[in-house]
$ cat my_file-v5.txt   # compact mmCIF, C-alpha atoms
# COMPACT_ATOMS: atom_id res chain seq x y z
CA MET A 666 18.92 14.98 -20.12
CA THR A 667 18.31 11.48 -21.49
CA THR A 668 16.13 8.82 -19.84
CA ALA A 669 19.27 6.90 -18.85
CA VAL A 670 20.82 9.93 -17.11
CA LEU A 671 17.54 10.87 -15.37
CA PHE A 672 16.98 7.40 -13.89
CA GLY A 673 20.73 6.99 -13.32
CA CYS A 674 20.71 10.06 -11.05
CA CYS A 675 17.58 8.66 -9.33
CA ALA A 676 19.50 5.41 -8.78
CA ALA A 677 22.53 7.23 -7.32
CA ILE A 678 20.34 9.12 -4.82
CA THR A 679 18.58 5.86 -3.89
CA VAL A 680 21.95 4.28 -3.09
CA GLY A 681 22.69 7.27 -0.83
CA ILE A 682 19.32 7.01 0.94
CA GLY A 683 19.89 3.29 1.55
CA LEU A 684 23.42 3.78 2.89
CA TYR A 685 22.15 6.52 5.22
CA GLY A 686 19.55 4.07 6.55
CA VAL A 687 22.18 1.36 7.11
CA ALA A 688 24.27 3.85 9.10
CA VAL A 689 21.58 5.35 11.35
CA HIS A 690 19.33 2.41 12.19
CA ALA A 691 19.92 0.13 15.17
CA HIS A 692 17.02 -2.23 14.43
CA PRO A 693 18.34 -5.24 12.40
CA LEU A 694 15.19 -5.50 10.25
CA ARG A 695 15.47 -1.79 9.38
CA ILE A 696 19.12 -2.33 8.43
CA ILE A 697 18.13 -5.21 6.13
CA LEU A 698 15.44 -2.98 4.57
CA SER A 699 17.91 -0.10 4.11
CA PHE A 700 20.45 -2.46 2.57
CA ASN A 701 17.80 -3.59 0.09
CA VAL A 702 17.07 0.04 -0.83
CA ALA A 703 20.78 0.64 -1.47
CA SER A 704 21.12 -2.54 -3.55
CA SER A 705 18.01 -1.68 -5.60
CA GLY A 706 19.68 1.65 -6.38
CA LEU A 707 22.81 -0.15 -7.60
CA PHE A 708 20.75 -2.46 -9.83
CA LEU A 709 18.92 0.59 -11.18
CA LEU A 710 22.23 2.31 -11.95
CA PHE A 711 23.35 -0.78 -13.86
CA GLY A 712 19.97 -0.75 -15.67
CA ALA A 713 20.41 2.90 -16.66
CA ILE A 714 23.85 2.04 -18.08
CA ALA A 715 22.28 -0.94 -19.92
CA ARG A 716 19.73 1.50 -21.37
CA ARG A 717 22.57 3.51 -22.92
CA GLY A 718 23.60 0.35 -24.80
CA ALA A 719 20.23 0.02 -26.56
CA GLY A 720 20.66 -1.32 -30.08
CA ALA A 721 19.67 -3.96 -32.63
CA GLY A 722 16.01 -3.20 -31.90
CA PHE A 723 16.33 -3.98 -28.16
CA GLY A 724 15.30 -1.41 -25.51
CA GLY A 725 18.60 -1.92 -23.68
CA ASP A 726 21.72 -4.07 -23.70
CA PRO A 727 20.33 -7.57 -22.86
CA VAL A 728 23.54 -8.83 -21.19
CA PRO A 729 23.48 -6.40 -18.22
CA GLN A 730 19.71 -6.88 -17.99
CA ALA A 731 20.19 -10.65 -17.56
CA LEU A 732 22.95 -10.00 -15.00
CA ILE A 733 20.53 -7.73 -13.07
CA ILE A 734 17.90 -10.50 -12.97
CA THR A 735 20.50 -12.93 -11.61
CA GLY A 736 21.61 -10.26 -9.12
CA LEU A 737 18.05 -9.66 -7.90
CA VAL A 738 17.61 -13.37 -7.21
CA VAL A 739 20.91 -13.63 -5.33
CA ALA A 740 20.09 -10.48 -3.33
CA PHE A 741 16.75 -12.02 -2.37
CA ALA A 742 18.45 -15.24 -1.25
CA ALA A 743 20.80 -13.21 0.97
CA THR A 744 17.89 -11.17 2.37
CA ALA A 745 15.91 -14.31 3.18
CA LEU A 746 18.92 -15.81 4.99
CA ALA A 747 19.46 -12.57 6.95
CA VAL A 748 15.79 -12.51 8.00
CA VAL A 749 15.75 -16.12 9.26
CA LEU A 750 19.03 -15.50 11.13
CA LEU A 751 17.43 -12.46 12.81
CA LEU A 752 14.26 -14.39 13.73
CA ARG A 753 16.32 -17.25 15.18
CA LEU A 754 18.45 -14.77 17.14
CA ALA A 755 15.34 -13.08 18.53
CA GLU A 756 13.88 -16.45 19.48
CA ALA A 757 17.07 -17.62 21.19
CA SER A 758 17.94 -14.39 23.02
CA GLY A 759 14.53 -12.72 23.37
CA ALA A 760 15.86 -9.49 21.85
CA ALA A 761 16.05 -8.33 18.22
CA THR A 762 19.43 -6.65 18.53
CA LEU A 763 23.05 -7.28 17.67
CA GLU A 764 24.24 -5.78 20.99
CA ASP A 765 25.55 -8.29 23.52
CA ASP A 766 23.69 -6.68 26.39
CA PRO A 767 20.47 -4.96 25.32
CA PRO A 768 20.20 -1.67 27.22
CA ASP A 769 16.90 -0.36 28.54
CA GLY A 770 14.74 2.00 26.56
CA GLY A 771 13.57 -0.28 23.76
CA SER A 772 9.97 -1.05 22.99
CA VAL A 773 8.49 -4.46 23.70
CA MET B 1111 7.42 16.30 -23.30
CA THR B 1112 4.55 14.58 -21.47
CA ALA B 1113 6.63 11.41 -21.23
CA ARG B 1114 9.52 13.41 -19.73
CA LEU B 1115 7.20 15.00 -17.14
CA LEU B 1116 5.85 11.54 -16.22
CA ASP B 1117 9.43 10.26 -15.87
CA VAL B 1118 10.36 13.10 -13.55
CA GLY B 1119 7.18 12.47 -11.53
CA LEU B 1120 8.05 8.76 -11.30
CA VAL B 1121 11.57 9.59 -10.08
CA LEU B 1122 10.17 11.90 -7.39
CA VAL B 1123 7.70 9.25 -6.16
CA VAL B 1124 10.42 6.57 -6.11
CA LEU B 1125 12.79 8.81 -4.13
CA GLY B 1126 10.00 9.80 -1.74
CA MET B 1127 9.12 6.16 -1.12
CA ALA B 1128 12.80 5.23 -0.59
CA ALA B 1129 13.07 8.04 1.98
CA TRP B 1130 9.86 6.85 3.68
CA ILE B 1131 11.31 3.32 4.10
CA ILE B 1132 14.23 4.87 6.03
CA VAL B 1133 12.42 7.52 8.14
CA ALA B 1134 9.13 5.73 8.97
CA ARG B 1135 8.83 5.33 12.73
CA GLN B 1136 7.03 1.97 12.64
CA THR B 1137 8.84 -1.03 11.17
CA VAL B 1138 5.59 -2.36 9.66
CA ALA B 1139 4.99 1.00 7.94
CA ALA B 1140 8.51 0.86 6.52
CA VAL B 1141 7.89 -2.66 5.16
CA MET B 1142 4.61 -1.52 3.56
CA GLY B 1143 6.59 1.29 1.94
CA PHE B 1144 9.09 -1.28 0.66
CA VAL B 1145 6.32 -3.25 -1.11
CA ALA B 1146 5.03 -0.06 -2.80
CA TYR B 1147 8.62 0.87 -3.64
CA GLY B 1148 9.14 -2.51 -5.40
CA LEU B 1149 6.03 -1.94 -7.53
CA LEU B 1150 7.16 1.60 -8.44
CA LEU B 1151 10.63 0.30 -9.37
CA SER B 1152 9.06 -2.10 -11.86
CA LEU B 1153 7.59 0.95 -13.65
CA VAL B 1154 11.11 2.42 -13.80
CA TRP B 1155 12.38 -0.86 -15.31
CA LEU B 1156 9.70 -0.61 -18.00
CA ARG B 1157 10.84 2.95 -18.77
CA LEU B 1158 14.42 1.66 -19.02
CA GLY B 1159 13.35 -0.84 -21.69
CA ALA B 1160 13.77 -3.88 -19.41
CA PRO B 1161 10.36 -5.65 -19.10
CA ASP B 1162 12.03 -8.92 -17.99
CA VAL B 1163 13.67 -7.13 -15.06
CA ALA B 1164 10.34 -5.39 -14.31
CA LEU B 1165 8.64 -8.80 -13.93
CA THR B 1166 11.42 -10.03 -11.62
CA GLU B 1167 11.23 -6.82 -9.57
CA VAL B 1168 7.45 -7.20 -9.08
CA ALA B 1169 7.90 -10.85 -8.08
CA ILE B 1170 10.77 -10.21 -5.64
CA GLY B 1171 10.65 -6.56 -4.52
CA GLY B 1172 6.88 -6.19 -4.41
CA GLY B 1173 6.02 -9.78 -3.55
CA LEU B 1174 8.41 -12.19 -1.85
CA SER B 1175 10.58 -9.68 0.06
CA GLY B 1176 7.49 -7.82 1.27
CA VAL B 1177 5.79 -10.97 2.56
CA LEU B 1178 9.05 -12.16 4.14
CA MET B 1179 9.66 -8.88 6.03
CA LEU B 1180 6.01 -8.40 7.01
CA GLY B 1181 6.07 -11.89 8.50
CA ALA B 1182 9.34 -11.09 10.29
CA ALA B 1183 7.99 -7.79 11.67
CA GLY B 1184 4.96 -9.67 12.96
CA ARG B 1185 7.05 -12.38 14.64
CA LEU B 1186 9.33 -9.79 16.29
CA ARG B 1187 6.35 -8.37 18.19
CA GLY B 1188 6.83 -9.19 21.84
CA VAL B 1189 10.63 -9.34 21.81
CA TRP B 1190 12.88 -6.47 22.83
CA GLN B 1191 13.57 -4.16 19.88
CA PRO B 1192 16.10 -1.33 19.80
CA PRO B 1193 14.63 2.17 19.50
CA SER B 1194 15.14 3.87 16.14
CA GLU B 1195 16.24 7.31 17.30
CA PRO B 1196 19.88 7.95 16.44
CA GLY B 1197 21.48 11.13 17.75
CA PHE B 1198 22.05 14.21 15.61
CA PRO B 1199 25.85 13.83 15.16
CA ARG B 1200 25.45 10.28 13.86
CA ARG B 1201 22.73 11.33 11.44
CA ALA B 1202 24.77 14.29 10.16
CA VAL B 1203 27.89 12.20 9.54
CA ALA B 1204 25.84 9.45 7.84
CA ALA B 1205 24.09 12.02 5.61
CA ALA B 1206 27.40 13.66 4.64
CA LEU B 1207 29.08 10.36 3.77
CA SER B 1208 26.02 9.18 1.80
CA ALA B 1209 26.01 12.47 -0.13
CA VAL B 1210 29.67 11.88 -1.08
CA VAL B 1211 28.73 8.45 -2.48
CA VAL B 1212 25.81 9.96 -4.43
CA VAL B 1213 28.03 12.66 -5.96
CA GLY B 1214 30.66 10.06 -6.87
CA LEU B 1215 28.08 7.86 -8.59
CA VAL B 1216 26.54 10.78 -10.52
CA VAL B 1217 29.98 11.99 -11.66
CA SER B 1218 30.95 8.53 -12.87
CA LEU B 1219 27.56 8.17 -14.60
CA LEU B 1220 28.10 11.45 -16.48
CA SER B 1221 31.65 10.55 -17.47
CA LEU B 1222 30.80 7.20 -19.10
CA PRO B 1223 32.29 6.69 -22.59
CA ASP B 1224 30.31 7.82 -25.62
CA PRO B 1225 29.28 5.95 -27.76
CA PRO B 1226 28.45 3.39 -25.03
CA PRO B 1227 29.86 -0.13 -25.36
CA THR B 1228 27.10 -2.65 -25.98
CA LEU B 1229 26.65 -6.37 -26.52
CA ALA B 1230 23.15 -5.91 -28.01
CA LEU B 1231 24.45 -6.38 -31.56
CA ALA B 1232 26.31 -9.57 -30.63
CA ALA B 1233 23.20 -10.92 -28.85
CA ALA B 1234 21.08 -10.19 -31.93
CA ALA B 1235 23.64 -11.72 -34.31
CA ASN B 1236 23.76 -15.01 -32.38
CA ALA B 1237 20.01 -15.35 -31.72
CA ASP B 1238 19.71 -17.85 -34.61
CA ALA B 1239 21.83 -20.38 -32.71
CA THR B 1240 19.04 -21.05 -30.21
CA THR B 1241 15.95 -19.92 -32.25
CA ILE B 1242 14.84 -17.99 -29.14
CA GLY B 1243 13.58 -14.46 -29.85
CA ASN B 1244 13.79 -12.90 -26.37
CA PRO B 1245 17.40 -11.66 -26.03
CA VAL B 1246 17.34 -11.71 -22.21
CA THR B 1247 16.24 -15.38 -22.16
CA ASN B 1248 19.01 -16.07 -24.67
CA VAL B 1249 21.61 -14.50 -22.38
CA LEU B 1250 20.23 -16.22 -19.25
CA MET B 1251 19.84 -19.69 -20.72
CA ALA B 1252 22.55 -19.86 -23.41
CA PHE B 1253 25.17 -17.10 -23.60
CA ARG B 1254 25.71 -16.81 -19.84
CA ALA B 1255 24.02 -20.01 -18.68
CA MET B 1256 26.73 -20.54 -16.04
CA ASP B 1257 25.45 -17.49 -14.10
CA THR B 1258 21.91 -18.82 -14.10
CA MET B 1259 23.01 -22.26 -12.93
CA LEU B 1260 25.07 -20.84 -10.06
CA GLU B 1261 22.17 -18.53 -9.12
CA LYS B 1262 20.00 -21.60 -8.53
CA VAL B 1263 22.78 -23.10 -6.39
CA VAL B 1264 22.85 -19.87 -4.33
CA LEU B 1265 19.09 -20.15 -3.72
CA LEU B 1266 19.62 -23.72 -2.55
CA LEU B 1267 22.48 -22.63 -0.26
CA ALA B 1268 20.23 -19.99 1.31
CA LEU B 1269 17.63 -22.69 2.02
CA ILE B 1270 20.27 -25.00 3.54
CA GLY B 1271 21.42 -22.05 5.65
CA ALA B 1272 17.87 -21.48 6.90
CA TRP B 1273 17.34 -25.16 7.68
CA SER B 1274 20.64 -25.41 9.53
CA LEU B 1275 19.28 -22.93 12.09
CA ALA B 1276 16.68 -25.47 13.22
CA PRO B 1277 16.98 -26.81 16.78
CA ASP B 1278 18.34 -30.38 16.71
CA ARG B 1279 15.06 -32.00 17.70
CA PHE B 1280 13.24 -30.43 14.72
CA TRP B 1281 15.86 -31.30 12.07
CA GLY B 1282 13.98 -32.65 9.06
CA GLY B 1283 10.69 -31.42 10.54
CA ARG B 1284 8.04 -29.12 9.14
CA PRO B 1285 9.00 -25.45 8.63
CA GLY B 1286 7.13 -22.54 10.21
CA GLN B 1287 4.02 -22.62 12.29
CA CYS B 1288 0.86 -24.49 11.42
CA HIS B 1289 -1.73 -22.23 9.76
CA ARG B 1290 -5.25 -22.80 10.95
CA ALA B 1291 -7.93 -20.98 8.99
CA ASP B 1292 -11.69 -21.34 8.58
CA PRO B 1293 -12.12 -23.98 5.81
CA ASN B 1294 -15.19 -22.06 4.61
CA GLY B 1295 -13.65 -18.59 5.07
CA PRO B 1296 -12.68 -16.05 2.41
CA LEU B 1297 -8.97 -17.01 2.43
CA ALA B 1298 -9.74 -20.68 1.74
CA PHE B 1299 -12.16 -19.59 -1.01
CA LEU B 1300 -9.49 -17.36 -2.58
CA ALA B 1301 -6.93 -20.17 -2.39
CA ARG B 1302 -9.32 -22.58 -4.15
CA VAL B 1303 -10.28 -20.15 -6.93
CA LEU B 1304 -7.01 -18.35 -7.55
CA THR B 1305 -4.54 -21.25 -7.34
CA PRO B 1306 -5.51 -23.08 -10.60
CA VAL B 1307 -5.38 -19.77 -12.49
CA GLY B 1308 -2.05 -18.85 -10.90
CA ILE B 1309 -0.49 -22.21 -11.84
CA VAL B 1310 -1.55 -21.78 -15.48
CA VAL B 1311 -0.21 -18.20 -15.55
CA GLY B 1312 3.07 -19.36 -13.95
CA PHE B 1313 3.74 -21.92 -16.69
CA TYR B 1314 2.55 -19.44 -19.32
CA VAL B 1315 5.15 -16.90 -18.13
CA LEU B 1316 7.80 -19.60 -18.62
CA TRP B 1317 6.49 -20.69 -22.04
CA VAL B 1318 6.27 -17.21 -23.59
CA SER B 1319 9.75 -16.26 -22.35
CA ALA B 1320 11.14 -17.74 -25.59
CA GLU B 1321 9.75 -14.76 -27.50
CA TYR B 1322 8.36 -12.28 -24.95
CA PRO B 1323 9.26 -11.05 -21.44
CA GLY B 1324 9.04 -13.81 -18.84
CA GLY B 1325 11.17 -16.66 -17.59
CA ALA B 1326 11.55 -19.69 -15.37
CA PHE B 1327 12.30 -17.67 -12.23
CA GLN B 1328 9.35 -15.30 -12.67
CA GLY B 1329 7.02 -18.24 -13.37
CA GLY B 1330 8.45 -20.21 -10.45
CA THR B 1331 7.80 -17.25 -8.12
CA LEU B 1332 4.13 -17.26 -9.16
CA LEU B 1333 3.90 -21.01 -8.46
CA ALA B 1334 5.56 -20.49 -5.06
CA ALA B 1335 3.07 -17.70 -4.27
CA MET B 1336 0.16 -20.04 -5.06
CA TRP B 1337 1.65 -22.75 -2.83
CA LEU B 1338 2.11 -20.24 0.00
CA LEU B 1339 -1.51 -19.09 -0.42
CA VAL B 1340 -2.78 -22.66 -0.12
CA MET B 1341 -0.58 -23.20 2.97
CA MET B 1342 -1.73 -19.94 4.62
CA ALA B 1343 -5.35 -20.85 3.97
CA GLY B 1344 -4.74 -24.05 5.96
CA LEU B 1345 -5.72 -26.28 3.00
CA THR B 1346 -2.34 -28.01 3.10
CA ASP B 1347 0.68 -28.06 5.39
CA ALA B 1348 4.34 -27.46 4.57
CA PRO B 1349 6.02 -30.84 3.95
CA PRO B 1350 8.64 -32.14 6.41
CA THR B 1351 12.01 -30.94 5.12
CA GLY B 1352 13.50 -34.41 5.54
CA ARG B 1353 11.24 -36.08 2.94
CA ARG B 1354 13.09 -37.60 -0.01
CA TRP B 1355 10.74 -36.16 -2.67
CA VAL B 1356 11.30 -32.66 -1.27
CA ARG B 1357 15.07 -33.04 -1.49
CA LEU B 1358 14.89 -34.54 -5.00
CA ILE B 1359 12.78 -31.64 -6.32
CA LEU B 1360 15.13 -29.15 -4.67
CA ILE B 1361 18.14 -30.47 -6.60
CA ALA B 1362 16.27 -31.31 -9.85
CA GLY B 1363 16.82 -27.88 -11.49
CA PRO B 1364 20.58 -27.54 -10.88
CA ALA B 1365 21.05 -31.31 -11.58
CA VAL B 1366 19.39 -31.16 -15.03
CA PHE B 1367 21.37 -27.99 -15.75
CA LEU B 1368 24.64 -29.72 -14.77
CA LEU B 1369 23.85 -32.87 -16.77
CA VAL B 1370 23.10 -30.84 -19.90
CA GLY B 1371 26.28 -28.84 -19.29
CA LEU B 1372 28.42 -31.98 -18.94
CA GLY B 1373 26.71 -33.40 -22.04
CA GLY B 1374 27.90 -30.34 -23.94
CA MET B 1375 31.43 -31.21 -22.85
CA LEU B 1376 31.12 -34.84 -24.01
CA LEU B 1377 29.72 -33.84 -27.39
CA GLY B 1378 32.83 -31.81 -28.05
CA ASP B 1379 32.29 -28.09 -27.68
CA ALA B 1380 32.41 -26.91 -24.09
CA PHE B 1381 30.67 -27.03 -20.72
CA LEU B 1382 27.07 -25.82 -21.22
CA ALA B 1383 27.43 -25.67 -25.02
CA TYR B 1384 24.19 -26.92 -26.59
CA PRO B 1385 24.27 -28.76 -29.97
CA VAL B 1386 22.59 -26.23 -32.29
CA ALA B 1387 19.84 -28.58 -33.50
CA TRP B 1388 18.92 -29.43 -29.90
CA ALA B 1389 19.31 -26.00 -28.29
CA LYS B 1390 15.61 -25.14 -27.96
CA PRO B 1391 14.40 -28.50 -26.53
CA LEU B 1392 17.38 -28.68 -24.14
CA ILE B 1393 16.74 -25.15 -22.87
CA LEU B 1394 13.06 -25.97 -22.42
CA ALA B 1395 13.94 -29.12 -20.44
CA ILE B 1396 16.24 -27.11 -18.15
CA GLU B 1397 13.59 -24.42 -17.68
CA LEU B 1398 10.84 -26.93 -16.83
CA ALA B 1399 13.04 -28.59 -14.20
CA MET B 1400 14.04 -25.16 -12.91
CA ILE B 1401 10.53 -23.73 -12.56
CA VAL B 1402 9.52 -26.61 -10.26
CA THR B 1403 12.74 -26.36 -8.25
CA VAL B 1404 12.44 -22.56 -7.95
CA ALA B 1405 8.81 -22.83 -6.81
CA VAL B 1406 9.58 -25.41 -4.09
CA THR B 1407 12.81 -23.67 -2.98
CA LEU B 1408 11.12 -20.27 -2.65
CA GLY B 1409 8.06 -21.76 -0.96
CA LEU B 1410 10.19 -23.53 1.66
CA LEU B 1411 12.48 -20.50 2.09
CA MET B 1412 9.42 -18.35 2.84
CA ALA B 1413 8.00 -21.02 5.17
CA GLY B 1414 11.17 -20.65 7.27
CA VAL B 1415 13.15 -22.69 9.77
CA PRO B 1416 11.84 -26.15 10.75
CA GLU B 1417 9.99 -25.62 14.05
CA ARG B 1418 7.85 -28.73 14.36
CA SER B 1419 8.57 -32.45 14.23
CA ALA B 1420 7.69 -34.31 11.02
CA ARG B 1421 4.74 -36.12 12.67
CA GLU B 1422 3.00 -32.99 13.90

$ encode --input "my_file-v5.txt" --output "structure tokens"
Amino acid sequence: MTTAVLFGCCAAITVGIGLYGVAVHAHPLRIILSFNVASSGLFLLFGAIARRGAGAGFGGDPVPQALIITGLVVAFAATALAVVLLLRLAEASGAATLEDDPPDGGSV
Amino acid sequence: MTARLLDVGLVLVVLGMAAWIIVARQTVAAVMGFVAYGLLLSLVWLRLGAPDVALTEVAIGGGLSGVLMLGAAGRLRGVWQPPSEPGFPRRAVAAALSAVVVVGLVVSLLSLPDPPPTLALAAAANADATTIGNPVTNVLMAFRAMDTMLEKVVLLLALIGAWSLAPDRFWGGRPGQCHRADPNGPLAFLARVLTPVGIVVGFYVLWVSAEYPGGAFQGGTLLAAMWLLVMMAGLTDAPPTGRRWVRLILIAGPAVFLLVGLGGMLLGDAFLAYPVAWAKPLILAIELAMIVTVAVTLGLLMAGVPERSARE
């Protein structure tokens, strides 16, 4: 098993873990966190594929690596926007939830 | 053999940390796990031969995202939060569907073409055109410069999105809450001692990116972190978002990028085509404008929505 395949499988499982988190959590901040785990797995998968393209003395194919850097920045911008939206929602409605009518049973 | 064992160990720790982020009962504990996870991922990037990505991952995954979510978890204290206890059927279905995705990804990974397609040779063959030795910087700043320019525009859009959430009376005001700290306390001391060093390291990371791992974004993140430290220590306040100098710095990076790109069109070749003799100085000019813009954009994005009037 090569390094690329080993970390590629790790990346695939990470995507699965993140998607599971997105599906089971009700807390918006936990969903944002889970989404970030899933996206980090996708970037890692792309990185493992870039590793397969190593050549010309480079440790990996530099074009996908540059695309991953751009992707990480864009993913951060989206995360930051999601977090400020959540904080504004919590401030305006007094509840950190996407439900229209927060049921009882949450923790304050 | 030892390296392989270490790799397998690293994979197990990464997967364990990813699982912890999902199953931790406390949100703050999950965010702490996310910071550690970002640092571990940067080790994986090093093992994948991508030190430039490793630097970005440390800056974003371990640093900015962690601070952002820790701050959010803190501010959500006191508001109603949904309980994190989904029922068994929901968990079982989610686990089954996620497993299907994992199997699909692994199968497609194992059925990739061999020998793998690569642009590494093309990147090496064209490195002379810019006289830049780091292939990733070459791709970011020359071969696919359009991506990098649009990425900066996306950062700016995120900031505009955050500002547009401000209540009307605070439009153009100062973001976030005022930080009051003991001027003689340890945080203020740290901010005074660390900030000059951090600024030098930030520009160094940009400067060496011509030959070694680094870059304008990674350096800009360091500068933003130093600015945030000084703000948190109460030594300075976030500027009102309506100030003209703030707005000018925010657009400086993309504007210089665009001007150089349009210049490439006028001089004959194409949008964002640099004249070969001028490639290195032009790229350096873009990167210097970008590092300042990135630092201010990230600093203000982390500071948040305007919540105070400009005079406060």

$ interface_residues --input "my_file-v5.txt" --of "chain B" --to "chain A" --cutoff "7 Å" --atoms "all atoms listed in the file" --output "number ranges by chain"
B: 1121, 1125, 1128-1129, 1132, 1137, 1158-1160, 1163, 1166, 1182, 1188-1194, 1196, 1200-1201, 1204-1205, 1208-1209, 1211-1212, 1215-1216, 1226-1231, 1234, 1245-1246, 1249-1250, 1258, 1261, 1264-1265, 1268, 1271-1272, 1414

$ atom_distance --input "my_file-v5.txt" --atom1 "CA of Asp1257 (chain B)" --atom2 "CA of Leu1151 (chain B)"
23.6 Å

$ atom_distance --input "my_file-v5.txt" --atom1 "CA of Ala1413 (chain B)" --atom2 "CA of Val1366 (chain B)"
25.3 Å

$ atom_distance --input "my_file-v5.txt" --atom1 "CA of Arg1284 (chain B)" --atom2 "CA of Ala1169 (chain B)"
25.1 Å

$ residues_around --input "my_file-v5.txt" --residues "region 1371-1381 of chain B" --least-positions-apart "3" --cutoff "10 Å" --atoms "only C-alpha atoms" --output "list in words"
Ala1255, Met1256, Met1259, Ala1365, Val1366, Phe1367, Leu1368, Tyr1384 and Pro1385 of chain B

$ write_last_selection --input "my_file-v5.txt" --atoms "C-alpha atoms" --output "PDB file, in the frame of the given file"
ATOM      1  CA  ALA B1255      24.020 -20.010 -18.680  1.00  0.00           C
ATOM      2  CA  MET B1256      26.730 -20.540 -16.040  1.00  0.00           C
ATOM      3  CA  MET B1259      23.010 -22.260 -12.930  1.00  0.00           C
ATOM      4  CA  ALA B1365      21.050 -31.310 -11.580  1.00  0.00           C
ATOM      5  CA  VAL B1366      19.390 -31.160 -15.030  1.00  0.00           C
ATOM      6  CA  PHE B1367      21.370 -27.990 -15.750  1.00  0.00           C
ATOM      7  CA  LEU B1368      24.640 -29.720 -14.770  1.00  0.00           C
ATOM      8  CA  TYR B1384      24.190 -26.920 -26.590  1.00  0.00           C
ATOM      9  CA  PRO B1385      24.270 -28.760 -29.970  1.00  0.00           C
TER      10      PRO B1385
END

$ residues_around --input "my_file-v5.txt" --residues "Ala1301 (chain B)" --least-positions-apart "3" --cutoff "6 Å" --atoms "only C-alpha atoms" --output "PyMOL selection string"
chain B and resi 1298+1304-1305+1339-1340

$ axis_aligned_box --input "my_file-v5.txt" --around "region 676-688 of chain A" --padding-each-side "8 Å" --output "AutoDock Vina command-line options"
--center_x 21.4 --center_y 5.2 --center_z 0.2 --size_x 21.7 --size_y 23.8 --size_z 33.9

$ closest_residue --input "my_file-v5.txt" --among "B:Leu1115, B:Met1341, B:Val1141, B:Ala1183" --to "Arg1290 (chain B)" --atoms "only C-alpha atoms"
B:Met1341

$ residues_near_point --input "my_file-v5.txt" --point "(8.2, -19.3, -8.2)" --cutoff "7 Å" --atoms "all atoms listed in the file" --output "PyMOL selection string"
chain B and resi 1327-1335+1401+1404-1405+1408
